[in-house]
Amino acid sequence: MCGIVAYIGSQKAYPIILKGLKRLEYRGYDSAGIALYDDAVQCFKRKGRVAELAAWDEKIIEKATVGIGHTRWATHGEPSDANAHPHTSNNGQLTLVHNGIIENYASLKQELVQKGYVFKSETDTEVLVNFIEDIQKNNDYTLEEAMRVALKRVVGAYVIIVMEKGFPERLIAARKGSPLVIGVGDGEHFLASDASPIIEYTKKVIYVNDYELAILFKDEIILKNLGNEAITPYVQQLDMELAQIEKGGFDHFMLKEIFDQPASLTDCLRGRLDSENQILTLAGIDQHISIFTEAKRIIIVACGTSWHAGLIAEYMIEALGRIPVEVEYASEFRYRNPVIHPGDVIIAISQSGETADTLVALERAKEQGAFIFGVVNAVGSSIARLSHAGAYTHAGPEIGVASTKAFTAQLMVLAMMAIKIGKEKKTLSASEYQRYLVELALIPAKVKTVIASHESIKKVAIHYASARDFLFLGRGYNFPVALEGALKLKEISYIHAEGYPAAEMKHGPIALVDEHLPVLFVATKDAYYEKIVSNIQEIKARKGKVIAIVSADDTLIRSMADHVMEVPEVDELLAPLVSVIPTQLLSYYIGVALGLDVDKPRNLAKSVTVE
Ligand code: AGP
């Protein structure tokens, strides 16, 4: 949460930082601010979106070639001008932007207040900048020394970038728990929460690690740890194109990303699946195959949409690999002292690779000897680096706050893992293995077919846009799809929606059903088909409105439902890859019909880097 950008070089800093913040706005959009170092440090910050900063004084913008910027997802203190970053220390020496949470800020603040410090905001960040100032002032330290001392006393997660009065040619950044990338240019350097603000200028990047300090000049980068030992920077080449982070003619990133799925799924399969020759290569699994085949248990740890992918993986891996799987919310797992045996395999699923709860849950499991396998989209992210092995989902950058193409790419990787493990364990027959490989290869085209029906899904969306509540029901592999459909609708349209296993509906939610309640059934042809037909009857008998996602050749449910959305026939294990698409389009079109900002829904942020 929160996005930060900084620039030091010879170009005008303001447009680079402003554009970078717009690219990072998905991380939070409660307020935004920029500080530029011209003849003095000038700061401009406001409640609201980054676009509000475009009104800044031309003269300042013209000159400065050094600056820091921030787009905020509020944690401590409501969205307001005063709580917006950057924050300046009491003596005006230090100006700082921060992403993360300082957990012991209250006690630090108390200390500082007793010393006479005055606070203009409610933020933990203003405490931090003054805490650094206090240490610097009292010990006659350089900024770097003061930061090292201060950060050793700070509890929590942070990326900070600090500007110091009198040092216009230098920025100092530090990281623990929140992401930070340095863009290495020619006579210029960039800092950002992810590579999207940097990609336009350079493809050479350095990922800063926890407990590291980066001291940036326009011609030099010095990396040190908190113990003041120099670290040799590891410069990597970014595998990302600018077009991937632009809307490319679509009204919203969310729609672009839904439409991207035939391509993103093809990318996910590329170099891994050769269905003609019956070859499935998944390097991360191949290299550690005995760990999987001998595993007594697999624990999947994730949050939100990624957790839903985990639920589907549980069904897949248990069915094909016959290994018991547990799926855990990372936020619960990290705190509840779980039993982990050496030899347990933990699969972490994360689009961003930066979700704080998932990251800490993995750290705990790793300490206890578990093998960590990351299914991650963002290359080079913290979770990817923490994992012993992994498989990237290759969905490309996902900018819309609501996850769409990242989810289907996660499912694709997890399906490949289940098939691979089943084959190696011999719990999956050779003929079934071959059949699955053929099915996998057909998925991108089937997803394309569903997307081609977007106009008819739009009509259904407009019909139900004024609903107050929604129920999403599914069974088997489609039960987590119902959960995901409900989550997506809540996020994008602010309509209350609940997902349930269709049979469980009788144990409570059925009380909600009347002629005003739309009930969406994910009811593609599978082993549960007849059961779900009965569940639909139960809703119809109570006058509920039935929307059904059905297989193309379905006639029975079609005759019962008020509205249907059709998907091609797919093996039930892979069905979620196509049955989720109508739920994504439905949420999108309802959000648009209600005039909402579907790319940046209220209160949310794409990357949840606070617990
Ligand atoms: C999805 O639409 C969400 N916005 C959210 O639930 C997300 O999936 C969750 O925060 C986990 O993120 P991650 O995959 O980046 O770890």
# chains A, B, ... in the order shown; residues from 1 in each chain; ligands from 1

call {"tool": "closest_atom_pairs", "arguments": {"of": "chain A", "to": "ligand 1", "cutoff": "6 Å", "atoms": "only C-alpha atoms and all ligand atoms", "output": "Markdown table"}}
result
| residue | atom | partner | partner_atom_place_in_ligand_line | distance |
| --- | --- | --- | --- | --- |
| A:Cys303 | CA | ligand 1 | 11 (C) | 4.5 |
| A:Gly304 | CA | ligand 1 | 6 (O) | 3.2 |
| A:Thr305 | CA | ligand 1 | 8 (O) | 3.7 |
| A:Ser306 | CA | ligand 1 | 14 (O) | 4.8 |
| A:Ser350 | CA | ligand 1 | 14 (O) | 3.4 |
| A:Gln351 | CA | ligand 1 | 14 (O) | 3.6 |
| A:Ser352 | CA | ligand 1 | 15 (O) | 3.6 |
| A:Gly353 | CA | ligand 1 | 15 (O) | 5.6 |
| A:Thr355 | CA | ligand 1 | 16 (O) | 4.6 |
| A:Val401 | CA | ligand 1 | 4 (N) | 5.3 |
| A:Ala402 | CA | ligand 1 | 2 (O) | 3.4 |
| A:Ser403 | CA | ligand 1 | 2 (O) | 3.8 |
| A:Lys606 | CA | ligand 1 | 4 (N) | 5.7 |
| A:Ser607 | CA | ligand 1 | 15 (O) | 5.5 |
| A:Val608 | CA | ligand 1 | 10 (O) | 5.6 |

call {"tool": "write_last_selection", "arguments": {"atoms": "N, CA, C and O atoms", "output": "PDB file, in the first residue's frame"}}
result
ATOM      1  N   CYS A 303      -3.992 -14.645   0.336  1.00  0.00           N
ATOM      2  CA  CYS A 303      -5.057 -13.710   0.750  1.00  0.00           C
ATOM      3  C   CYS A 303      -5.966 -13.423  -0.450  1.00  0.00           C
ATOM      4  O   CYS A 303      -5.519 -13.472  -1.606  1.00  0.00           O
ATOM      5  N   GLY A 304      -7.205 -13.079  -0.154  1.00  0.00           N
ATOM      6  CA  GLY A 304      -8.135 -12.566  -1.171  1.00  0.00           C
ATOM      7  C   GLY A 304      -8.318 -13.496  -2.350  1.00  0.00           C
ATOM      8  O   GLY A 304      -8.526 -14.718  -2.202  1.00  0.00           O
ATOM      9  N   THR A 305      -8.234 -12.924  -3.526  1.00  0.00           N
ATOM     10  CA  THR A 305      -8.414 -13.699  -4.755  1.00  0.00           C
ATOM     11  C   THR A 305      -7.407 -14.848  -4.841  1.00  0.00           C
ATOM     12  O   THR A 305      -7.738 -15.957  -5.286  1.00  0.00           O
ATOM     13  N   SER A 306      -6.190 -14.587  -4.405  1.00  0.00           N
ATOM     14  CA  SER A 306      -5.159 -15.639  -4.457  1.00  0.00           C
ATOM     15  C   SER A 306      -5.539 -16.801  -3.543  1.00  0.00           C
ATOM     16  O   SER A 306      -5.234 -17.962  -3.833  1.00  0.00           O
ATOM     17  N   SER A 350       0.499 -15.398  -4.739  1.00  0.00           N
ATOM     18  CA  SER A 350       0.381 -13.942  -4.630  1.00  0.00           C
ATOM     19  C   SER A 350       0.620 -13.284  -5.981  1.00  0.00           C
ATOM     20  O   SER A 350       1.610 -13.586  -6.651  1.00  0.00           O
ATOM     21  N   GLN A 351      -0.272 -12.400  -6.361  1.00  0.00           N
ATOM     22  CA  GLN A 351      -0.067 -11.623  -7.581  1.00  0.00           C
ATOM     23  C   GLN A 351       1.112 -10.690  -7.391  1.00  0.00           C
ATOM     24  O   GLN A 351       2.061 -10.705  -8.152  1.00  0.00           O
ATOM     25  N   SER A 352       1.017  -9.861  -6.358  1.00  0.00           N
ATOM     26  CA  SER A 352       2.013  -8.793  -6.150  1.00  0.00           C
ATOM     27  C   SER A 352       3.336  -9.331  -5.630  1.00  0.00           C
ATOM     28  O   SER A 352       4.384  -8.726  -5.859  1.00  0.00           O
ATOM     29  N   GLY A 353       3.275 -10.426  -4.900  1.00  0.00           N
ATOM     30  CA  GLY A 353       4.481 -10.931  -4.248  1.00  0.00           C
ATOM     31  C   GLY A 353       4.905 -10.057  -3.078  1.00  0.00           C
ATOM     32  O   GLY A 353       6.015 -10.216  -2.547  1.00  0.00           O
ATOM     33  N   THR A 355       2.356  -9.009  -0.526  1.00  0.00           N
ATOM     34  CA  THR A 355       1.316  -8.964   0.497  1.00  0.00           C
ATOM     35  C   THR A 355       1.926  -9.277   1.867  1.00  0.00           C
ATOM     36  O   THR A 355       2.500 -10.349   2.075  1.00  0.00           O
ATOM     37  N   VAL A 401      -7.189  -2.726  -9.711  1.00  0.00           N
ATOM     38  CA  VAL A 401      -7.094  -3.196  -8.320  1.00  0.00           C
ATOM     39  C   VAL A 401      -7.739  -4.571  -8.165  1.00  0.00           C
ATOM     40  O   VAL A 401      -7.264  -5.415  -7.415  1.00  0.00           O
ATOM     41  N   ALA A 402      -8.819  -4.798  -8.896  1.00  0.00           N
ATOM     42  CA  ALA A 402      -9.469  -6.111  -8.834  1.00  0.00           C
ATOM     43  C   ALA A 402      -8.671  -7.097  -9.684  1.00  0.00           C
ATOM     44  O   ALA A 402      -8.415  -6.866 -10.864  1.00  0.00           O
ATOM     45  N   SER A 403      -8.313  -8.192  -9.084  1.00  0.00           N
ATOM     46  CA  SER A 403      -7.491  -9.166  -9.786  1.00  0.00           C
ATOM     47  C   SER A 403      -8.333  -9.977 -10.774  1.00  0.00           C
ATOM     48  O   SER A 403      -9.398 -10.485 -10.415  1.00  0.00           O
ATOM     49  N   LYS A 606      -4.077  -2.096  -4.387  1.00  0.00           N
ATOM     50  CA  LYS A 606      -3.710  -3.314  -5.107  1.00  0.00           C
ATOM     51  C   LYS A 606      -2.770  -4.197  -4.284  1.00  0.00           C
ATOM     52  O   LYS A 606      -2.902  -5.400  -4.251  1.00  0.00           O
ATOM     53  N   SER A 607      -1.821  -3.549  -3.680  1.00  0.00           N
ATOM     54  CA  SER A 607      -0.778  -4.312  -3.031  1.00  0.00           C
ATOM     55  C   SER A 607      -0.862  -4.037  -1.535  1.00  0.00           C
ATOM     56  O   SER A 607      -0.626  -2.918  -1.100  1.00  0.00           O
ATOM     57  N   VAL A 608      -1.247  -5.046  -0.767  1.00  0.00           N
ATOM     58  CA  VAL A 608      -1.541  -4.800   0.647  1.00  0.00           C
ATOM     59  C   VAL A 608      -0.282  -5.086   1.465  1.00  0.00           C
ATOM     60  O   VAL A 608      -0.081  -6.186   1.967  1.00  0.00           O
TER      61      VAL A 608
END

call {"tool": "select_by_dssp", "arguments": {"residues": "range 58-126 of chain A", "states": "helix (DSSP H, G or I)", "output": "list in words"}}
result
Glu58, Lys59, Ile60, Ile61, Glu62, Lys63, Tyr105, Ala106, Ser107, Leu108, Lys109, Gln110, Glu111, Leu112, Val113, Gln114, Asp124, Thr125 and Glu126 of chain A

call {"tool": "closest_residue", "arguments": {"among": "A:Val301, A:Tyr158, A:Ala84, A:Asn90", "to": "Ile102 in chain A", "atoms": "only C-alpha atoms"}}
result
A:Tyr158

call {"tool": "closest_residue", "arguments": {"among": "A:Ser382, A:Thr404, A:Gln244, A:Asn104", "to": "Gln261 in chain A", "atoms": "only C-alpha atoms"}}
result
A:Thr404

call {"tool": "closest_residue", "arguments": {"among": "A:His341, A:Arg49, A:His308, A:His70", "to": "Ser193 in chain A", "atoms": "only C-alpha atoms"}}
result
A:His70

call {"tool": "atom_distance", "arguments": {"atom1": "CA of Glu169 in chain A", "atom2": "CA of Ile215 in chain A"}}
result
10.5 Å

call {"tool": "closest_residue", "arguments": {"among": "A:Leu489, A:Ile245, A:Val66, A:Ile135", "to": "Val5 in chain A", "atoms": "only C-alpha atoms"}}
result
A:Val66

call {"tool": "residues_around", "arguments": {"residues": "Lys488 in chain A", "least_positions_apart": "6", "cutoff": "10 Å", "atoms": "only C-alpha atoms", "output": "PDB file with C-alpha atoms, in the first residue's frame"}}
result
ATOM      1  CA  THR A 305      -8.414 -13.699  -4.755  1.00  0.00           C
ATOM      2  CA  ALA A 402      -9.469  -6.111  -8.834  1.00  0.00           C
ATOM      3  CA  SER A 403      -7.491  -9.166  -9.786  1.00  0.00           C
ATOM      4  CA  THR A 404      -8.597 -10.861 -13.014  1.00  0.00           C
ATOM      5  CA  ALA A 482     -18.636 -18.470  -6.562  1.00  0.00           C
ATOM      6  CA  TYR A 494     -20.104  -2.036  -3.683  1.00  0.00           C
ATOM      7  CA  ILE A 495     -23.116  -4.364  -3.930  1.00  0.00           C
ATOM      8  CA  ALA A 497     -22.545 -10.243  -2.356  1.00  0.00           C
ATOM      9  CA  THR A 583     -18.257 -13.207 -13.214  1.00  0.00           C
ATOM     10  CA  GLN A 584     -15.406 -10.811 -14.002  1.00  0.00           C
ATOM     11  CA  LEU A 585     -17.303  -9.228 -16.896  1.00  0.00           C
ATOM     12  CA  LEU A 586     -20.534  -9.063 -14.892  1.00  0.00           C
ATOM     13  CA  SER A 587     -18.815  -7.167 -12.042  1.00  0.00           C
ATOM     14  CA  TYR A 588     -17.050  -4.866 -14.468  1.00  0.00           C
TER      15      TYR A 588
END

call {"tool": "residues_around", "arguments": {"residues": "Arg334 in chain A", "least_positions_apart": "3", "cutoff": "7 Å", "atoms": "only C-alpha atoms", "output": "MDAnalysis selection string"}}
result
chainID A and resid 330:331 360:361 364

call {"tool": "residues_around", "arguments": {"residues": "Tyr234 in chain A", "least_positions_apart": "4", "cutoff": "9 Å", "atoms": "only C-alpha atoms", "output": "ChimeraX atom specification"}}
result
/A:205-207

call {"tool": "atom_distance", "arguments": {"atom1": "CA of Ala74 in chain A", "atom2": "CA of Ser31 in chain A"}}
result
8.2 Å

call {"tool": "decode", "arguments": {"residues": "range 122-217 of chain A", "atoms": "C-alpha atoms", "output": "CSV table (one decimal), in the first residue's frame"}}
result
chain,number,residue,atom,x,y,z
A,122,GLU,CA,-1.9,11.9,12.8
A,123,THR,CA,0.6,9.8,10.9
A,124,ASP,CA,3.2,7.4,12.0
A,125,THR,CA,5.4,8.8,9.3
A,126,GLU,CA,5.6,12.3,10.9
A,127,VAL,CA,6.8,10.5,14.0
A,128,LEU,CA,9.5,8.7,12.1
A,129,VAL,CA,10.9,11.8,10.4
A,130,ASN,CA,11.1,13.6,13.7
A,131,PHE,CA,12.6,10.6,15.4
A,132,ILE,CA,15.4,10.6,12.8
A,133,GLU,CA,15.8,14.4,13.2
A,134,ASP,CA,16.0,14.0,17.0
A,135,ILE,CA,18.7,11.3,16.8
A,136,GLN,CA,20.7,13.3,14.3
A,137,LYS,CA,20.5,16.6,16.2
A,138,ASN,CA,21.3,15.1,19.6
A,139,ASN,CA,24.3,13.1,18.5
A,140,ASP,CA,25.6,15.4,15.8
A,141,TYR,CA,25.2,12.5,13.3
A,142,THR,CA,25.1,12.5,9.6
A,143,LEU,CA,21.7,11.6,8.1
A,144,GLU,CA,22.9,8.2,7.2
A,145,GLU,CA,24.1,7.5,10.8
A,146,ALA,CA,20.9,8.8,12.3
A,147,MET,CA,18.8,6.7,10.0
A,148,ARG,CA,20.8,3.6,10.9
A,149,VAL,CA,20.3,4.2,14.6
A,150,ALA,CA,16.6,5.2,14.2
A,151,LEU,CA,15.7,2.2,12.1
A,152,LYS,CA,17.1,-0.2,14.5
A,153,ARG,CA,14.5,1.1,17.1
A,154,VAL,CA,11.6,1.1,14.7
A,155,VAL,CA,9.2,-1.8,14.8
A,156,GLY,CA,7.1,-2.4,11.7
A,157,ALA,CA,7.5,-2.2,7.9
A,158,TYR,CA,8.8,0.6,5.9
A,159,VAL,CA,10.3,2.0,2.8
A,160,ILE,CA,11.4,5.5,3.3
A,161,ILE,CA,13.1,8.0,1.1
A,162,VAL,CA,14.6,11.1,2.8
A,163,MET,CA,15.7,14.4,1.5
A,164,GLU,CA,18.0,16.6,3.6
A,165,LYS,CA,18.2,20.4,3.5
A,166,GLY,CA,21.8,21.4,2.4
A,167,PHE,CA,22.2,18.1,0.5
A,168,PRO,CA,20.4,18.7,-2.8
A,169,GLU,CA,22.6,16.2,-4.6
A,170,ARG,CA,21.6,13.1,-2.5
A,171,LEU,CA,18.7,11.0,-1.5
A,172,ILE,CA,18.8,8.2,1.1
A,173,ALA,CA,16.3,5.3,1.1
A,174,ALA,CA,15.9,2.4,3.4
A,175,ARG,CA,13.7,-0.7,3.3
A,176,LYS,CA,12.2,-3.3,5.7
A,177,GLY,CA,9.2,-5.3,4.6
A,178,SER,CA,7.9,-3.0,1.9
A,179,PRO,CA,9.2,-3.1,-1.7
A,180,LEU,CA,11.8,-0.8,-3.2
A,181,VAL,CA,13.3,-0.8,-6.7
A,182,ILE,CA,16.2,1.4,-7.9
A,183,GLY,CA,16.2,2.3,-11.6
A,184,VAL,CA,19.8,2.7,-12.8
A,185,GLY,CA,20.1,5.3,-15.5
A,186,ASP,CA,23.0,7.1,-17.1
A,187,GLY,CA,23.7,10.1,-14.9
A,188,GLU,CA,20.3,9.7,-13.2
A,189,HIS,CA,18.6,7.3,-10.8
A,190,PHE,CA,15.0,6.4,-9.9
A,191,LEU,CA,13.4,4.9,-6.8
A,192,ALA,CA,10.0,3.4,-6.8
A,193,SER,CA,7.7,0.9,-5.1
A,194,ASP,CA,7.7,-1.2,-8.3
A,195,ALA,CA,9.3,-1.0,-11.7
A,196,SER,CA,6.3,0.7,-13.5
A,197,PRO,CA,7.5,4.3,-13.0
A,198,ILE,CA,11.0,3.3,-14.1
A,199,ILE,CA,10.5,1.2,-17.2
A,200,GLU,CA,10.1,4.2,-19.5
A,201,TYR,CA,13.6,5.4,-18.6
A,202,THR,CA,15.7,2.3,-17.9
A,203,LYS,CA,15.5,-1.4,-17.8
A,204,LYS,CA,18.4,-1.8,-15.4
A,205,VAL,CA,17.1,-2.2,-11.8
A,206,ILE,CA,18.3,-3.1,-8.4
A,207,TYR,CA,15.9,-4.6,-5.9
A,208,VAL,CA,16.7,-3.3,-2.4
A,209,ASN,CA,16.6,-5.9,0.3
A,210,ASP,CA,15.3,-5.6,3.9
A,211,TYR,CA,17.6,-3.8,6.3
A,212,GLU,CA,19.5,-2.1,3.5
A,213,LEU,CA,20.2,1.6,3.0
A,214,ALA,CA,20.5,3.1,-0.5
A,215,ILE,CA,22.4,6.3,-0.9
A,216,LEU,CA,21.7,7.8,-4.3
A,217,PHE,CA,23.6,10.5,-6.2
